[in-house]
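Okay, structure first, notes after.
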Amino acid sequence: MTRTEYSWLLPSAMVADPELYDPEPAGGRAVRTDARGRPRRTVRDWIVDLAAFLFAVLLALVVIDESTRINGAGAGVVHFDEAVGLLSCCSVWLRRRWPVALAVTFSVLSVFSPAVAGALLVALFSIAVHRPFPTVAAVGVAGLALGLVQPFVRPDPGTTVLASIIVGIVVVLLVTGWGMLVRSQRQLYVALRERARRAETEAELRAQQAQRLAREAIAREMHDVLAHRLTLLSVHAGALEFRPDAPPAEVARAAGVIRDSAHDALQDLRQIIGVLRAPGDGGSDDRPQPTLATLGTLVAESRDAGMSVRLDNTIGEPAGMSAALGRTVYRIAQEGLTNARKHAPGAEVTVAVGGAPGDGVTVTVDNPAPGRPVTPVPGSGQGLIGLAERATLAGGRLEHGATGDGGFRVKAWLPWAV
């Protein structure tokens, strides 16, 4: 919380509390402190202290006047009351520094001089506001006990002893309760402020987590899409490099595949970047997302790249599958073909898709061991990890690993709701 133009309306204790108010804000003045590091009084504090001082003075004058007029006290008693009342009223300005000591002192003096009644009430109120309940209870009990003695030491002829005791107890309880109410309101403000701060922190963390998940999803999508396209480019570019004397028709065919793959890769990349720039704003020229119905096109692209792929799709009605499930099946097959093209070139790859609503969908990509030595292809190894995360998010599972004959298998099961 930063400083505002209304900071003078807050108590100094709340202004200096780092949980409530920033003591060293970036865009405002720091909280002023005295030589001991304690916060100085705000404008509100000065107004409250002045009002407390005037209340103590007014009550002292009324008590001294009534005591002189009704009781007929002598000059010595009057001078004693005036001196004690004056000192107690001036001591009210020190109530923020020594509230407990002043309250105990005023309680003792009130037994001998009722002129300290106003200062005593102010001190009790200050303790109830600024001190915990055990301290308030101890000082309050002491004040009530000494209040029981006062009517016997300085009796009031116009009031019975019982009435004086009852009035004293009621007034002390009212002032103490009022102070405790003010303290509870401040504690409530502290609790609400802390809850709001935690809510802001949690909201920020949730936003950061959502951004991280969105970045991971976009990175996974870019890997799935671009890895397939770029491996096609790599295969045909390598063929042209190692066979510079290839027939013109074969060179033209390879160049056409390279051109088409590069064009498709750029289109996919533009679509993903468009999502980053304008999330949720799908244009009319957005390319359709791949589904199970486009799996045949994926296999045809791989065959055009020179791969030997056998597709075994036993799902008769791909339109009955949700777009999200179809896209996940497509991405798993795409990543399996990409890995086979990189690590087992020339080997026959089998893509098997089967299942039914209620039983789930099984996707398997098998390739045997390569028939010739293969140059290691650099890779991050994140493709299969991304597939496992994608399958888990869809409620399924994914397994991958080497087979007994030196080949490799990727197998996934995905739930298919009825």
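Please note that chains go A, B, ... in the order of the structure tokens, that every chain numbers its residues from 1, and that ligands are numbered from 1 in the order shown.
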
DSSP alpha helix (DSSP H) selection over region 40-269 of chain A, as a ChimeraX atom specification: /A:43-66,75-91,99-112,117-130,133-153,161-242,248-269

Please identify every residue of region 127-242 of chain A that has at least one atom no farther than 7 Å from an atom of region 97-117 of chain A, counting only C-alpha atoms, and for each give the shortest atom pair and the distance in Å to one decimal, arranged by chain then increasing number, as a tab-separated table.
residue	atom	partner	partner_atom	distance
A:Ile127	CA	A:Pro99	CA	5.9
A:Val139	CA	A:Val104	CA	6.8
A:Gly143	CA	A:Ser107	CA	5.4
A:Leu146	CA	A:Val111	CA	6.5
A:Gly147	CA	A:Val111	CA	6.8
A:Val149	CA	A:Val111	CA	6.5
A:Gln150	CA	A:Val111	CA	4.3
A:Val153	CA	A:Phe112	CA	6.6
A:Arg154	CA	A:Phe112	CA	6.5

Go ahead and save the residues from that selection, with C-alpha atoms, as an mmCIF file, in the first residue's frame.
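Once everything was written out, this is out_36.cif:
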data_model
loop_
_atom_site.group_PDB
_atom_site.id
_atom_site.type_symbol
_atom_site.label_atom_id
_atom_site.label_comp_id
_atom_site.auth_asym_id
_atom_site.auth_seq_id
_atom_site.Cartn_x
_atom_site.Cartn_y
_atom_site.Cartn_z
ATOM 1 C CA ILE A 127 -4.427 1.387 27.007
ATOM 2 C CA VAL A 139 -4.964 -2.091 34.682
ATOM 3 C CA GLY A 143 -8.549 0.999 38.527
ATOM 4 C CA LEU A 146 -8.970 1.782 43.687
ATOM 5 C CA GLY A 147 -12.287 3.270 42.568
ATOM 6 C CA VAL A 149 -11.729 3.071 47.867
ATOM 7 C CA GLN A 150 -12.136 6.620 46.555
ATOM 8 C CA VAL A 153 -11.422 8.727 51.211
ATOM 9 C CA ARG A 154 -13.088 11.656 49.371
#

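Our summary of the geometry notes that CA of Trp416 (chain A) is positioned 25.4 Å from CA of Met222 (chain A).
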
Excluding Pro132 (chain A) and its own-chain neighbours fewer than 6 positions away, which residues fall within 12 Å of it when counting only C-alpha atoms? Please give them as a CSV table (one decimal) with N, CA and C atoms, in the first residue's frame.
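The resulting around_26.csv:
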chain,number,residue,atom,x,y,z
A,100,VAL,N,0.6,2.8,30.3
A,100,VAL,CA,0.3,2.0,31.5
A,100,VAL,C,0.8,2.7,32.7
A,126,SER,N,-6.6,4.9,26.1
A,126,SER,CA,-5.4,4.7,25.4
A,126,SER,C,-4.8,3.3,25.5
A,138,ALA,N,-5.6,-6.1,33.5
A,138,ALA,CA,-4.9,-5.9,34.8
A,138,ALA,C,-5.0,-4.4,35.2
A,139,VAL,N,-4.8,-3.5,34.3
A,139,VAL,CA,-5.0,-2.1,34.7
A,139,VAL,C,-6.4,-1.7,35.0
A,179,GLY,N,-12.6,1.8,24.0
A,179,GLY,CA,-11.2,1.6,23.5
A,179,GLY,C,-11.0,0.2,22.8
A,180,MET,N,-11.5,-0.8,23.5
A,180,MET,CA,-11.4,-2.2,22.9
A,180,MET,C,-12.1,-2.3,21.6
A,183,ARG,N,-9.8,-0.7,19.0
A,183,ARG,CA,-8.7,-1.7,18.7
A,183,ARG,C,-9.2,-2.8,17.8
A,184,SER,N,-10.4,-3.3,18.1
A,184,SER,CA,-10.9,-4.4,17.3
A,184,SER,C,-11.2,-4.0,15.8
A,187,GLN,N,-7.8,-3.9,14.2
A,187,GLN,CA,-7.4,-5.3,13.9
A,187,GLN,C,-8.2,-5.9,12.7

Residues flagged strand (DSSP E) by DSSP in region 314-410 of chain A, as a list in words: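 Restricting region 314-410 of chain A to strand (DSSP E) produces Glu348, Val349, Thr350, Val351, Ala352, Val353, Gly354, Gly355, Ala356, Gly360, Val361, Thr362, Val363, Thr364, Val365, Asp366, Asn367, Arg397, Leu398, Glu399, His400, Gly401, Ala402, Phe408, Arg409 and Val410 of chain A.
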
Save out the residues we just selected, N, CA and C atoms, as a PDB file, in the first residue's frame.
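Final output, saved to part19.pdb:
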ATOM      1  N   GLU A 348      10.205 -49.277 -42.670  1.00  0.00           N
ATOM      2  CA  GLU A 348       8.757 -49.189 -42.844  1.00  0.00           C
ATOM      3  C   GLU A 348       8.100 -48.864 -41.494  1.00  0.00           C
ATOM      4  N   VAL A 349       7.269 -47.854 -41.484  1.00  0.00           N
ATOM      5  CA  VAL A 349       6.605 -47.396 -40.260  1.00  0.00           C
ATOM      6  C   VAL A 349       5.140 -47.778 -40.341  1.00  0.00           C
ATOM      7  N   THR A 350       4.640 -48.282 -39.227  1.00  0.00           N
ATOM      8  CA  THR A 350       3.233 -48.664 -39.153  1.00  0.00           C
ATOM      9  C   THR A 350       2.515 -47.744 -38.188  1.00  0.00           C
ATOM     10  N   VAL A 351       1.455 -47.122 -38.658  1.00  0.00           N
ATOM     11  CA  VAL A 351       0.605 -46.264 -37.826  1.00  0.00           C
ATOM     12  C   VAL A 351      -0.742 -46.964 -37.695  1.00  0.00           C
ATOM     13  N   ALA A 352      -1.084 -47.347 -36.462  1.00  0.00           N
ATOM     14  CA  ALA A 352      -2.336 -48.057 -36.201  1.00  0.00           C
ATOM     15  C   ALA A 352      -3.207 -47.219 -35.283  1.00  0.00           C
ATOM     16  N   VAL A 353      -4.437 -47.006 -35.700  1.00  0.00           N
ATOM     17  CA  VAL A 353      -5.403 -46.247 -34.913  1.00  0.00           C
ATOM     18  C   VAL A 353      -6.672 -47.084 -34.814  1.00  0.00           C
ATOM     19  N   GLY A 354      -7.151 -47.288 -33.610  1.00  0.00           N
ATOM     20  CA  GLY A 354      -8.366 -48.069 -33.409  1.00  0.00           C
ATOM     21  C   GLY A 354      -9.049 -47.691 -32.122  1.00  0.00           C
ATOM     22  N   GLY A 355     -10.308 -48.085 -32.012  1.00  0.00           N
ATOM     23  CA  GLY A 355     -11.056 -47.790 -30.807  1.00  0.00           C
ATOM     24  C   GLY A 355     -12.506 -47.548 -31.111  1.00  0.00           C
ATOM     25  N   ALA A 356     -13.251 -47.247 -30.064  1.00  0.00           N
ATOM     26  CA  ALA A 356     -14.683 -47.008 -30.196  1.00  0.00           C
ATOM     27  C   ALA A 356     -15.126 -46.129 -29.047  1.00  0.00           C
ATOM     28  N   GLY A 360     -12.329 -45.983 -25.749  1.00  0.00           N
ATOM     29  CA  GLY A 360     -11.133 -45.182 -25.917  1.00  0.00           C
ATOM     30  C   GLY A 360     -10.494 -45.394 -27.271  1.00  0.00           C
ATOM     31  N   VAL A 361      -9.446 -44.638 -27.542  1.00  0.00           N
ATOM     32  CA  VAL A 361      -8.714 -44.684 -28.799  1.00  0.00           C
ATOM     33  C   VAL A 361      -7.277 -45.105 -28.504  1.00  0.00           C
ATOM     34  N   THR A 362      -6.771 -46.017 -29.284  1.00  0.00           N
ATOM     35  CA  THR A 362      -5.383 -46.461 -29.161  1.00  0.00           C
ATOM     36  C   THR A 362      -4.628 -46.044 -30.410  1.00  0.00           C
ATOM     37  N   VAL A 363      -3.510 -45.377 -30.213  1.00  0.00           N
ATOM     38  CA  VAL A 363      -2.652 -44.921 -31.301  1.00  0.00           C
ATOM     39  C   VAL A 363      -1.288 -45.573 -31.115  1.00  0.00           C
ATOM     40  N   THR A 364      -0.810 -46.269 -32.149  1.00  0.00           N
ATOM     41  CA  THR A 364       0.483 -46.948 -32.081  1.00  0.00           C
ATOM     42  C   THR A 364       1.291 -46.600 -33.316  1.00  0.00           C
ATOM     43  N   VAL A 365       2.532 -46.212 -33.101  1.00  0.00           N
ATOM     44  CA  VAL A 365       3.472 -45.935 -34.190  1.00  0.00           C
ATOM     45  C   VAL A 365       4.675 -46.840 -33.979  1.00  0.00           C
ATOM     46  N   ASP A 366       4.883 -47.792 -34.889  1.00  0.00           N
ATOM     47  CA  ASP A 366       5.972 -48.773 -34.801  1.00  0.00           C
ATOM     48  C   ASP A 366       6.924 -48.596 -35.958  1.00  0.00           C
ATOM     49  N   ASN A 367       8.200 -48.686 -35.653  1.00  0.00           N
ATOM     50  CA  ASN A 367       9.192 -48.750 -36.717  1.00  0.00           C
ATOM     51  C   ASN A 367      10.269 -49.753 -36.325  1.00  0.00           C
ATOM     52  N   ARG A 397      -2.935 -41.888 -21.418  1.00  0.00           N
ATOM     53  CA  ARG A 397      -1.559 -42.245 -21.049  1.00  0.00           C
ATOM     54  C   ARG A 397      -0.766 -42.538 -22.321  1.00  0.00           C
ATOM     55  N   LEU A 398       0.546 -42.452 -22.213  1.00  0.00           N
ATOM     56  CA  LEU A 398       1.417 -42.678 -23.358  1.00  0.00           C
ATOM     57  C   LEU A 398       2.637 -43.454 -22.909  1.00  0.00           C
ATOM     58  N   GLU A 399       3.010 -44.460 -23.701  1.00  0.00           N
ATOM     59  CA  GLU A 399       4.192 -45.269 -23.435  1.00  0.00           C
ATOM     60  C   GLU A 399       5.074 -45.245 -24.677  1.00  0.00           C
ATOM     61  N   HIS A 400       6.371 -45.267 -24.463  1.00  0.00           N
ATOM     62  CA  HIS A 400       7.296 -45.278 -25.587  1.00  0.00           C
ATOM     63  C   HIS A 400       8.577 -45.963 -25.146  1.00  0.00           C
ATOM     64  N   GLY A 401       9.257 -46.564 -26.104  1.00  0.00           N
ATOM     65  CA  GLY A 401      10.504 -47.241 -25.805  1.00  0.00           C
ATOM     66  C   GLY A 401      10.906 -48.181 -26.918  1.00  0.00           C
ATOM     67  N   ALA A 402      12.110 -48.749 -26.770  1.00  0.00           N
ATOM     68  CA  ALA A 402      12.644 -49.656 -27.778  1.00  0.00           C
ATOM     69  C   ALA A 402      11.954 -51.010 -27.687  1.00  0.00           C
ATOM     70  N   PHE A 408      11.422 -49.183 -32.431  1.00  0.00           N
ATOM     71  CA  PHE A 408      10.908 -48.226 -31.445  1.00  0.00           C
ATOM     72  C   PHE A 408       9.395 -48.159 -31.590  1.00  0.00           C
ATOM     73  N   ARG A 409       8.735 -48.005 -30.448  1.00  0.00           N
ATOM     74  CA  ARG A 409       7.270 -47.967 -30.455  1.00  0.00           C
ATOM     75  C   ARG A 409       6.778 -46.815 -29.579  1.00  0.00           C
ATOM     76  N   VAL A 410       5.790 -46.129 -30.108  1.00  0.00           N
ATOM     77  CA  VAL A 410       5.054 -45.108 -29.359  1.00  0.00           C
ATOM     78  C   VAL A 410       3.602 -45.547 -29.318  1.00  0.00           C
TER      79      VAL A 410
END

What's around Pro155 (chain A) at 9 Å? Count only C-alpha atoms, leave out sequence neighbours fewer than 5 positions away in its own chain, and write the answer as a CSV table (one decimal) with N, CA and C atoms, in the first residue's frame.
chain,number,residue,atom,x,y,z
A,71,ASN,N,-18.6,20.5,48.8
A,71,ASN,CA,-17.9,19.9,49.9
A,71,ASN,C,-17.4,21.0,50.9
A,150,GLN,N,-12.0,5.2,46.7
A,150,GLN,CA,-12.1,6.6,46.6
A,150,GLN,C,-13.4,7.2,47.3
A,160,THR,N,-24.6,9.0,47.5
A,160,THR,CA,-24.3,7.9,48.4
A,160,THR,C,-23.0,7.2,47.9
A,161,VAL,N,-22.4,6.5,48.8
A,161,VAL,CA,-21.2,5.7,48.5
A,161,VAL,C,-21.5,4.7,47.5
A,164,SER,N,-21.8,6.3,44.1
A,164,SER,CA,-20.5,6.7,43.6
A,164,SER,C,-19.7,5.5,43.0

Atom-to-atom span, CA of Pro247 (chain A) and CA of Ala305 (chain A), Å: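 Value for the CA of Pro247 (chain A)-CA of Ala305 (chain A) distance: 16.6 Å.
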
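Interatomic distance, CA of Arg186 (chain A) to CA of Val129 (chain A): 9.0 Å.
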
9 Å contact set for Gly168 (chain A), only C-alpha atoms, chain neighbours under 3 positions out, as a VMD selection string: chain A and resid 144 147 to 148 163 to 165 171 to 173

Keeping only N, CA and C atoms, write the selected residues as a PDB file, in the first residue's frame.
ATOM      1  N   LEU A 144     -10.576  -0.298  38.961  1.00  0.00           N
ATOM      2  CA  LEU A 144     -11.857  -0.547  39.630  1.00  0.00           C
ATOM      3  C   LEU A 144     -11.667  -0.751  41.126  1.00  0.00           C
ATOM      4  N   GLY A 147     -11.056   2.487  42.612  1.00  0.00           N
ATOM      5  CA  GLY A 147     -12.287   3.270  42.568  1.00  0.00           C
ATOM      6  C   GLY A 147     -13.239   2.929  43.694  1.00  0.00           C
ATOM      7  N   LEU A 148     -13.151   1.706  44.203  1.00  0.00           N
ATOM      8  CA  LEU A 148     -13.985   1.341  45.357  1.00  0.00           C
ATOM      9  C   LEU A 148     -13.541   2.038  46.634  1.00  0.00           C
ATOM     10  N   ALA A 163     -23.854   4.688  45.160  1.00  0.00           N
ATOM     11  CA  ALA A 163     -24.049   5.320  43.860  1.00  0.00           C
ATOM     12  C   ALA A 163     -22.723   5.745  43.247  1.00  0.00           C
ATOM     13  N   SER A 164     -21.832   6.261  44.096  1.00  0.00           N
ATOM     14  CA  SER A 164     -20.515   6.670  43.579  1.00  0.00           C
ATOM     15  C   SER A 164     -19.747   5.473  43.037  1.00  0.00           C
ATOM     16  N   ILE A 165     -19.830   4.360  43.749  1.00  0.00           N
ATOM     17  CA  ILE A 165     -19.128   3.146  43.288  1.00  0.00           C
ATOM     18  C   ILE A 165     -19.705   2.657  41.970  1.00  0.00           C
ATOM     19  N   VAL A 171     -18.565   3.923  34.353  1.00  0.00           N
ATOM     20  CA  VAL A 171     -17.777   4.812  33.495  1.00  0.00           C
ATOM     21  C   VAL A 171     -16.483   4.140  33.045  1.00  0.00           C
ATOM     22  N   VAL A 172     -15.799   3.465  33.969  1.00  0.00           N
ATOM     23  CA  VAL A 172     -14.554   2.778  33.611  1.00  0.00           C
ATOM     24  C   VAL A 172     -14.815   1.683  32.572  1.00  0.00           C
ATOM     25  N   LEU A 173     -15.876   0.914  32.767  1.00  0.00           N
ATOM     26  CA  LEU A 173     -16.190  -0.146  31.816  1.00  0.00           C
ATOM     27  C   LEU A 173     -16.562   0.409  30.446  1.00  0.00           C
TER      28      LEU A 173
END

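When only C-alpha atoms are used to compute distances to Ala323 (chain A), the closest of the residues A:Thr159, A:Thr291, A:Gln267, A:Ser88 turns out to be A:Thr291.
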